[in-house]
Amino acid sequence: MFADVVRSMDIAAALDVERLREIMAELVERSAAVVQRYGAGKFEYTGDGLMALFGAPVALEDHAFRACLAALAIQEEASRLATEVQRRDGLTLRLRVGLNSGRVIAGELGSGSLGYAATGEPIGFAKRMESVSPPGGVMLSESTARLVENSVRLAEPEWVHIKGAHEPVRAYRLVAIGAREGRLGRAEADLIGRRWEMAAIDALLDRAIGGRGCVVNVMGPAGIGKSRVAREAAAAAARRGFEVFWTFCESHARDVPFGVVSRLLRVGSGVDNVDDGVAREALRAFVSDIDPQDRLLLEDLLGIADPSVPLPQIDPDARRRRLTAVINNVTLARTAPALYIIEDAHWIDAVSESMMVDLLAVIPRTPSMVLITSRPEYDGVLKQVHGDEVIALAALDDSDTANLLAALLGSDPSVGDLSAVIADRAAGNPFFAEEMVREFVQRGVLTGESGQYICRTNVSELSVPVTVQAAIEARIDRLSGPARQTLYAASVIGARFESELLAALSIGAMFDELLSAELIDQVRFTADAEFAFRHPLIRAVAYESQLKSDRAQWHRRLATAIEESEPDSPEENAAIIAEHLQAAGDLHAAYGWHMRAAAWATSRDISAAWRSWERARRIADALPDYDPEQLSMRIAPRTMLCGNAWRVQIDVSGDRFEELRQLCTTTGDKASLAIATAGMVLYQAFKGRIREASRLSSEAWAIAESLGDAALTVGLSFPLTYPKAHAGEYSETLRWSQRCIDLADGDPFLGNFILGSPLSIAYTTRAYARYCLGLRGWQADVRHGLDMARRADTFSYATTVAYVYFPGIPQGVLAADDRAVQEIEDALRIAERSGDDMAVAFSGVILALALVHHHRDPERERGQKLLAEIADILERGQHNLSELRLVDAYLARELARRGDHDDAIRLLFTALDELVREGQLLSWGIPATGVLVETLLDRGAEGDVAKAEAAVERLAAVPAGDELAIREIWLLRMRALLARVRGDDVTYRNLVGEYRAMAETLGYEGHINWAATMGGSGSTH
Ligand SMILES: Nc1ncnc2c1ncn2[C@@H]1O[C@H](COP(=O)(O)OP(=O)(O)O)[C@@H](O)[C@H]1O
Ligand SMILES: [Mg+2]
């Protein structure tokens, strides 16, 4: 790079020598600082201009880009100086800058007395570029332009005539640094040691190119060199043509959901650092053939959604499934090699972490590598990815440490003692070594050029920082007041911070001093510059060394600035705003934002919402008793926690629920108690504890009824009738369904806070109660419920279908015909697109049960497989356990069909024992007993008939308040089968006749079919 003053002779002539000297000295000094910041290897004042060399003596990947940055920064400095010169001297000061790239010979000239220099034709050509540059401009040669064309904006090429060439050559004016983040490594010393680590990474990169990607975990304590290894890996990957994407986890953002995964996807899809509208366009191009709803979900995840377009109404589980599918497809479709780097995974937020696991699963099938750095304390799932490679970084050994210090300090004999002291303290931690060197430089103990220091102090008289924190503290103390303020404010923002946000804090930010003190680096060079702390420990020390009260101030102002930065969608940032306000000690405000964050997350990730409610709860609990809002603030998050416990499967049923009950009783807040209790009902029911669920359900129902709030009662009817139906409490189920139908008064959507259309479910539960009790009208209820649900939302429809067939088919009331299978398959598809994981499993159960009841073999085979899969899912997830018992009964039936009667019977007895224990003999216990009896009779071993008889009698003896038609019809069927086995043909024939007649009277389709196969001959099964 050459820079020269335009018409310097005229300026020289117009000024006195003193003033000329002053101006030139100022220009040279400012330019020197700039080129140093961008890592120039050599800087020289040539008398009337400046020369700087990038990429030598230290080879830098991005030397051309650095030179461009430096050239623009020098022009900026020059124009600042020019304003002053214009004012004071009435003269126009302007620079021309020229850049050229090429091979030069660089090194000590001659004996070394001439110093380091570069020679070669490219040098002269750079000077020529400078001479054709417009005043105030920067001109690039063709060779430089080619190196930077992707990261800067250039004007159209111009043909220029230069001295010594006959033909005109092409030159490009540098307009600006590109919008895309220019990748800029630091100017840093050579990598010391880490040979096998890098060899391992090289080998894995080669394998990844071949399509066998992998996940690499780089682990080690702070400062050991993880990020350095990551940078080296990035450089090695870039050399092989990999695209490299970075993302960073932040220590203060662990409770901010989606941060990391969203950032990684943003850089990966090229929509980072642009306007939301532009980003949406870019995304459209990036993932073109994608379902429009899925695209909305993706935009929302990336934080670039159009706030005026509503999100699809789906459950967070479905959102997660669909996003995972989209992201995996995009990742799998990628044919160009990519390296994803996730830095500091010990600070990853839980939601990103769990989404990353899904992504990592497909990496082995792609030409990509994921490199994750973390400290040893991290024990999360990203470290337990199957088949990942682990690189644990140990401390540098003595000889490596000596080499590192030689590179940092140089080889002057005077630094020998100091080097030994630092080596001893640093204990093989390169960051510690570097920080101590910097500290000694700033203290003036070390003088001279970087890497060629001289030490004039006797080491024995020196105080040496004992810890790396102490070294950093000393460095911060030495900053000027404004620079320290900048550093403090930045440390509150995070490890990376934008100049814009600092400006919003109305700080006159002093970046230059921080940059030259090597406390921060600039990482984005566009107008909205971004900086990063050189190391997370520097941020931590800067943060910790402030007075608490000062820090609180920053947090408070930052919360406001963040809120104002996106006035249209503050909810997106609610979690981070809450964190800042909490750190500021504004507890009421922080509470409010935590609750808002939870509300925002409820439709996105229920565990994220859960965490926000927990944080809100903790704040409320810490409020003093005299706070008038304390009680209501303690109740609200607890209500949500208990109300949603079933969705996250966290047990709050003991003390935590009791605590809420007491709070609600104290304040008379019955609505909250009803909602929380309903949540507990579902929690217990899905855990298979039907008795407890049923008891709680009666409680909640009484509370809801006493409030006289129709919407609340109707809305809760879905969770509350669930255990009643499962417990075989049919009159209760009927009464509550009826009440709900009356209250809703034809409005399908009344009380739709849990399910879109509670009324359609009420029709199906009334149908269920009606047919079990042998009452008329159930067919109309079934039709009515399905019709209404079909017109409501898809998810209500799927649930309604489930509620119709789940009991209907096994109980023998509905036939498992093709139409039913079709309808259930539709419901399953809908559940997969919009329902939670439990709904999907539940729909799977119903499909499986329908298929094993189907009369064709292929369907039955499919059902059998599905049944086994679903049983496995429920078992592993420990949910829908009461359905699992019925699944087990039919799995047993399939076992018996294949001849394994013994295992089948064992399984059936276990399932029935559990049904008895939970008081479900009159619900799933009826068909389960039916299966047991048939299987026993089929096996026909000694005592089997007696066991079958005992099972029948047990079912017959369960007290029930009413006549139970559903039990009666099964008893007829089972007693007929027993009679046949005993050879009592007359009784058999009589019972079959009664059985058929009853089935026909009540319209039980399944039983009608079964009765038909029993004929009158007594020989068919
Ligand atoms: N093997 C090495 N050779 C030279 N410098 C190193 C080496 N390892 C680390 N460093 C330097 O030490 C400092 C701390 O390393 P860094 O990678 O940031 O640590 P970590 O990420 O493990 O906290 C960085 O400035 C880095 O360049
Ligand atoms: Mg690091």
# chains A, B, ... in the order shown; residues from 1 in each chain; ligands from 1
>>> residues_near_ligand(ligand="ligand 1", cutoff="8 Å", atoms="only C-alpha atoms and all ligand atoms", output="ChimeraX atom specification")
/A:188-194,219-230,344,373,375,396,400,404,429-434,534-537
>>> residues_around(residues="Gly1006 of chain A", least_positions_apart="5", cutoff="12 Å", atoms="only C-alpha atoms", output="NGL selection string")
:A and (805 or 807-817 or 850 or 853-855 or 927 or 966 or 969-970 or 995-996 or 999-1000 or 1011-1013)
>>> write_last_selection(atoms="N, CA and C atoms", output="PDB file, in the first residue's frame")
ATOM      1  N   TYR A 805     -62.136 -42.907  17.913  1.00  0.00           N
ATOM      2  CA  TYR A 805     -61.744 -44.286  17.606  1.00  0.00           C
ATOM      3  C   TYR A 805     -60.964 -44.975  18.703  1.00  0.00           C
ATOM      4  N   PRO A 807     -61.323 -45.329  22.013  1.00  0.00           N
ATOM      5  CA  PRO A 807     -62.092 -46.340  22.746  1.00  0.00           C
ATOM      6  C   PRO A 807     -63.003 -47.128  21.820  1.00  0.00           C
ATOM      7  N   GLY A 808     -63.451 -46.463  20.755  1.00  0.00           N
ATOM      8  CA  GLY A 808     -64.515 -47.054  19.928  1.00  0.00           C
ATOM      9  C   GLY A 808     -64.153 -48.401  19.329  1.00  0.00           C
ATOM     10  N   ILE A 809     -62.948 -48.510  18.770  1.00  0.00           N
ATOM     11  CA  ILE A 809     -62.594 -49.752  18.087  1.00  0.00           C
ATOM     12  C   ILE A 809     -62.318 -50.893  19.071  1.00  0.00           C
ATOM     13  N   PRO A 810     -61.426 -50.705  20.058  1.00  0.00           N
ATOM     14  CA  PRO A 810     -61.186 -51.827  20.977  1.00  0.00           C
ATOM     15  C   PRO A 810     -62.443 -52.252  21.730  1.00  0.00           C
ATOM     16  N   GLN A 811     -63.296 -51.281  22.054  1.00  0.00           N
ATOM     17  CA  GLN A 811     -64.502 -51.656  22.804  1.00  0.00           C
ATOM     18  C   GLN A 811     -65.507 -52.389  21.925  1.00  0.00           C
ATOM     19  N   GLY A 812     -65.244 -52.425  20.619  1.00  0.00           N
ATOM     20  CA  GLY A 812     -66.150 -53.153  19.731  1.00  0.00           C
ATOM     21  C   GLY A 812     -67.358 -52.343  19.314  1.00  0.00           C
ATOM     22  N   VAL A 813     -67.286 -51.042  19.483  1.00  0.00           N
ATOM     23  CA  VAL A 813     -68.425 -50.206  19.140  1.00  0.00           C
ATOM     24  C   VAL A 813     -68.327 -49.713  17.694  1.00  0.00           C
ATOM     25  N   LEU A 814     -67.099 -49.398  17.291  1.00  0.00           N
ATOM     26  CA  LEU A 814     -66.899 -48.947  15.910  1.00  0.00           C
ATOM     27  C   LEU A 814     -66.086 -49.987  15.157  1.00  0.00           C
ATOM     28  N   ALA A 815     -66.367 -50.099  13.854  1.00  0.00           N
ATOM     29  CA  ALA A 815     -65.649 -51.087  13.052  1.00  0.00           C
ATOM     30  C   ALA A 815     -64.336 -50.499  12.545  1.00  0.00           C
ATOM     31  N   ALA A 816     -63.321 -51.365  12.492  1.00  0.00           N
ATOM     32  CA  ALA A 816     -62.019 -50.907  11.979  1.00  0.00           C
ATOM     33  C   ALA A 816     -61.995 -51.107  10.471  1.00  0.00           C
ATOM     34  N   ASP A 817     -62.866 -50.382   9.776  1.00  0.00           N
ATOM     35  CA  ASP A 817     -62.917 -50.561   8.328  1.00  0.00           C
ATOM     36  C   ASP A 817     -61.988 -49.569   7.622  1.00  0.00           C
ATOM     37  N   ALA A 850     -56.396 -49.727  15.301  1.00  0.00           N
ATOM     38  CA  ALA A 850     -57.349 -49.934  14.208  1.00  0.00           C
ATOM     39  C   ALA A 850     -56.803 -50.990  13.249  1.00  0.00           C
ATOM     40  N   HIS A 853     -57.077 -54.524  14.285  1.00  0.00           N
ATOM     41  CA  HIS A 853     -58.461 -54.985  14.259  1.00  0.00           C
ATOM     42  C   HIS A 853     -58.967 -55.173  12.832  1.00  0.00           C
ATOM     43  N   HIS A 854     -58.110 -54.828  11.875  1.00  0.00           N
ATOM     44  CA  HIS A 854     -58.550 -54.873  10.479  1.00  0.00           C
ATOM     45  C   HIS A 854     -58.647 -56.316  10.016  1.00  0.00           C
ATOM     46  N   HIS A 855     -59.581 -56.560   9.052  1.00  0.00           N
ATOM     47  CA  HIS A 855     -59.773 -57.956   8.655  1.00  0.00           C
ATOM     48  C   HIS A 855     -58.725 -58.442   7.655  1.00  0.00           C
ATOM     49  N   PRO A 927     -61.920 -54.526  27.321  1.00  0.00           N
ATOM     50  CA  PRO A 927     -61.335 -55.258  26.183  1.00  0.00           C
ATOM     51  C   PRO A 927     -60.091 -56.061  26.577  1.00  0.00           C
ATOM     52  N   ILE A 966     -71.739 -51.707  28.039  1.00  0.00           N
ATOM     53  CA  ILE A 966     -70.499 -52.136  27.410  1.00  0.00           C
ATOM     54  C   ILE A 966     -69.920 -53.350  28.131  1.00  0.00           C
ATOM     55  N   ILE A 969     -72.242 -56.550  27.314  1.00  0.00           N
ATOM     56  CA  ILE A 969     -72.090 -57.203  26.011  1.00  0.00           C
ATOM     57  C   ILE A 969     -70.813 -58.040  25.956  1.00  0.00           C
ATOM     58  N   TRP A 970     -69.747 -57.504  26.600  1.00  0.00           N
ATOM     59  CA  TRP A 970     -68.501 -58.285  26.638  1.00  0.00           C
ATOM     60  C   TRP A 970     -68.675 -59.535  27.493  1.00  0.00           C
ATOM     61  N   TYR A 995     -76.072 -62.161  22.538  1.00  0.00           N
ATOM     62  CA  TYR A 995     -74.963 -61.263  22.208  1.00  0.00           C
ATOM     63  C   TYR A 995     -75.268 -60.498  20.917  1.00  0.00           C
ATOM     64  N   ARG A 996     -75.692 -61.247  19.884  1.00  0.00           N
ATOM     65  CA  ARG A 996     -75.945 -60.625  18.590  1.00  0.00           C
ATOM     66  C   ARG A 996     -77.086 -59.622  18.704  1.00  0.00           C
ATOM     67  N   ALA A 999     -75.931 -56.444  20.431  1.00  0.00           N
ATOM     68  CA  ALA A 999     -75.064 -55.653  19.557  1.00  0.00           C
ATOM     69  C   ALA A 999     -75.891 -54.890  18.537  1.00  0.00           C
ATOM     70  N   GLU A1000     -76.902 -55.582  18.003  1.00  0.00           N
ATOM     71  CA  GLU A1000     -77.708 -54.924  16.972  1.00  0.00           C
ATOM     72  C   GLU A1000     -78.569 -53.826  17.571  1.00  0.00           C
ATOM     73  N   ALA A1011     -69.963 -61.085  16.357  1.00  0.00           N
ATOM     74  CA  ALA A1011     -71.046 -62.036  16.608  1.00  0.00           C
ATOM     75  C   ALA A1011     -71.312 -62.862  15.356  1.00  0.00           C
ATOM     76  N   ALA A1012     -71.222 -62.200  14.205  1.00  0.00           N
ATOM     77  CA  ALA A1012     -71.488 -62.895  12.938  1.00  0.00           C
ATOM     78  C   ALA A1012     -70.517 -64.053  12.748  1.00  0.00           C
ATOM     79  N   THR A1013     -69.253 -63.860  13.189  1.00  0.00           N
ATOM     80  CA  THR A1013     -68.271 -64.927  12.985  1.00  0.00           C
ATOM     81  C   THR A1013     -68.461 -66.070  13.984  1.00  0.00           C
TER      82      THR A1013
END
>>> residues_around(residues="segment 756-763 of chain A", least_positions_apart="4", cutoff="8 Å", atoms="only C-alpha atoms", output="VMD selection string")
chain A and resid 714 to 715 717 to 718 737 to 738 740 to 741 744 746 to 752 767 781 to 782 784 to 786 788 to 789 792 to 793 795 to 796 799 to 800 803
>>> closest_residue(among="A:Asp985, A:Leu446, A:Leu991, A:Asp512", to="Leu972 of chain A", atoms="only C-alpha atoms")
A:Leu991
>>> atom_distance(atom1="atom CA of Ile538 of chain A", atom2="atom CA of Ala56 of chain A")
28.9 Å
>>> select_by_dssp(residues="segment 137-179 of chain A", states="helix (DSSP H, G or I)", output="list in words")
Glu142, Ser143, Thr144, Ala145, Arg146, Leu147 and Val148 of chain A
>>> residues_around(residues="Leu908 of chain A", least_positions_apart="5", cutoff="7 Å", atoms="only C-alpha atoms", output="PyMOL selection string")
chain A and resi 889+892+932
>>> write_last_selection(atoms="N, CA, C and O atoms", output="compact mmCIF listing (two decimals), in the first residue's frame")
# COMPACT_ATOMS: atom_id res chain seq x y z
N ALA A 889 -51.91 -54.95 25.85
CA ALA A 889 -52.88 -56.03 25.71
C ALA A 889 -52.95 -56.50 24.25
O ALA A 889 -52.98 -57.70 23.96
N ALA A 892 -49.91 -58.30 23.15
CA ALA A 892 -50.00 -59.68 23.62
C ALA A 892 -50.85 -60.51 22.66
O ALA A 892 -50.51 -61.65 22.33
N LEU A 932 -57.53 -61.39 27.20
CA LEU A 932 -56.97 -62.40 28.10
C LEU A 932 -57.77 -63.70 28.03
O LEU A 932 -57.20 -64.79 27.89
>>> residues_around(residues="Ala608 of chain A", least_positions_apart="2", cutoff="9 Å", atoms="only C-alpha atoms", output="list in words")
Asp255, Val256, Pro257, Phe258, Ala350, Val351, Ala597, Ala598, Ala601, Thr602, Arg604, Asp605, Ile606, Trp610, Arg611, Ser612 and Trp613 of chain A
>>> residues_around(residues="Ser545 of chain A", least_positions_apart="5", cutoff="10 Å", atoms="only C-alpha atoms", output="short mmCIF file (atom, residue, chain, number, x, y, z; two decimals) with N, CA, C and O atoms, in the first residue's frame")
data_model
loop_
_atom_site.label_atom_id
_atom_site.label_comp_id
_atom_site.auth_asym_id
_atom_site.auth_seq_id
_atom_site.Cartn_x
_atom_site.Cartn_y
_atom_site.Cartn_z
N GLN A 469 -6.23 -13.06 35.83
CA GLN A 469 -7.19 -11.98 36.14
C GLN A 469 -6.44 -10.74 36.62
O GLN A 469 -6.77 -9.62 36.22
N GLU A 473 -6.62 -7.11 35.01
CA GLU A 473 -7.04 -5.95 35.82
C GLU A 473 -6.03 -4.82 35.72
O GLU A 473 -6.39 -3.66 35.55
N ILE A 476 -6.42 -3.08 32.48
CA ILE A 476 -7.62 -2.23 32.41
C ILE A 476 -7.39 -0.94 33.22
O ILE A 476 -7.78 0.15 32.79
N ASP A 477 -6.74 -1.09 34.35
CA ASP A 477 -6.48 0.09 35.19
C ASP A 477 -5.68 1.15 34.45
O ASP A 477 -5.81 2.33 34.74
N TYR A 488 -16.11 -1.10 30.02
CA TYR A 488 -17.09 -1.52 31.03
C TYR A 488 -18.48 -1.69 30.40
O TYR A 488 -19.15 -2.69 30.61
N ARG A 539 -13.50 -10.00 29.07
CA ARG A 539 -14.84 -9.48 29.33
C ARG A 539 -15.23 -9.74 30.78
O ARG A 539 -15.73 -8.85 31.48
N ALA A 540 -14.97 -10.94 31.24
CA ALA A 540 -15.37 -11.29 32.60
C ALA A 540 -14.68 -10.38 33.61
O ALA A 540 -15.32 -9.89 34.55
N ARG A 551 -22.57 -1.05 37.25
CA ARG A 551 -22.98 -2.11 36.34
C ARG A 551 -24.50 -2.12 36.20
O ARG A 551 -25.04 -2.26 35.10
#
>>> closest_residue(among="A:Gln920, A:Gln75, A:Ser672, A:Ser262", to="Leu660 of chain A", atoms="only C-alpha atoms")
A:Ser672
>>> residues_around(residues="segment 233-249 of chain A", least_positions_apart="5", cutoff="7 Å", atoms="only C-alpha atoms", output="list in words")
Ile201, Leu205, Val260, Arg263, Leu264, Val267, Gly268, Pro337, Ala338, Leu339, Tyr340, Ile341, Ile342, Glu343, Asp344, Ala345, Trp347 and Ile348 of chain A
>>> select_by_dssp(residues="segment 70-212 of chain A", states="strand (DSSP E)", output="JSON list (two decimals) with C-alpha atoms, in the first residue's frame")
[["chain", "number", "residue", "atom", "x", "y", "z"],
["A", 95, "LEU", "CA", -4.32, 11.60, 0.05],
["A", 96, "ARG", "CA", -4.14, 9.18, -2.82],
["A", 97, "VAL", "CA", -3.87, 5.52, -1.86],
["A", 98, "GLY", "CA", -2.90, 2.63, -4.13],
["A", 99, "LEU", "CA", -2.83, -1.11, -3.55],
["A", 105, "ILE", "CA", 11.12, -10.76, -1.58],
["A", 106, "ALA", "CA", 11.02, -9.63, 1.97],
["A", 107, "GLY", "CA", 13.60, -9.82, 4.69],
["A", 108, "GLU", "CA", 16.66, -8.24, 6.16],
["A", 116, "TYR", "CA", 13.62, -5.23, 6.92],
["A", 117, "ALA", "CA", 12.51, -4.43, 3.43],
["A", 118, "ALA", "CA", 10.61, -5.76, 0.50],
["A", 119, "THR", "CA", 11.68, -5.60, -3.08],
["A", 138, "VAL", "CA", -8.19, 4.19, -3.00],
["A", 139, "MET", "CA", -7.17, 2.44, -6.19],
["A", 140, "LEU", "CA", -6.75, -1.32, -6.50],
["A", 141, "SER", "CA", -4.85, -3.19, -9.15],
["A", 152, "VAL", "CA", -15.57, -5.28, -0.64],
["A", 153, "ARG", "CA", -17.50, -3.08, -3.05],
["A", 154, "LEU", "CA", -15.57, -1.89, -6.08],
["A", 158, "GLU", "CA", -11.18, 1.87, -15.35],
["A", 159, "TRP", "CA", -8.46, 1.69, -17.97],
["A", 160, "VAL", "CA", -5.52, 3.74, -16.76],
["A", 169, "VAL", "CA", -4.11, -1.44, -17.40],
["A", 170, "ARG", "CA", -7.27, -2.06, -15.45],
["A", 171, "ALA", "CA", -7.73, -0.47, -12.03],
["A", 172, "TYR", "CA", -10.61, -0.52, -9.56],
["A", 173, "ARG", "CA", -11.67, 2.14, -7.13],
["A", 174, "LEU", "CA", -12.49, 0.82, -3.66],
["A", 175, "VAL", "CA", -15.95, 2.06, -2.68],
["A", 176, "ALA", "CA", -16.69, 0.39, 0.64],
["A", 177, "ILE", "CA", -16.27, -2.70, 2.67]]
>>> closest_residue(among="A:Thr794, A:Thr665, A:Ser374, A:Ser698", to="ligand 2", atoms="only C-alpha atoms and all ligand atoms")
A:Ser374
>>> atom_distance(atom1="atom CA of Gly877 of chain A", atom2="atom CA of Arg618 of chain A")
28.6 Å
>>> atom_distance(atom1="atom CA of Ser882 of chain A", atom2="atom CA of Trp646 of chain A")
14.1 Å
>>> closest_residue(among="A:Arg656, A:Asn100, A:Phe531, A:Val330", to="Glu121 of chain A", atoms="only C-alpha atoms")
A:Asn100
>>> closest_residue(among="A:Glu250, A:Arg94, A:Arg885, A:Leu332", to="Phe497 of chain A", atoms="only C-alpha atoms")
A:Glu250
>>> closest_residue(among="A:Gly210, A:Asn458, A:Leu623, A:Leu964", to="Val415 of chain A", atoms="only C-alpha atoms")
A:Asn458
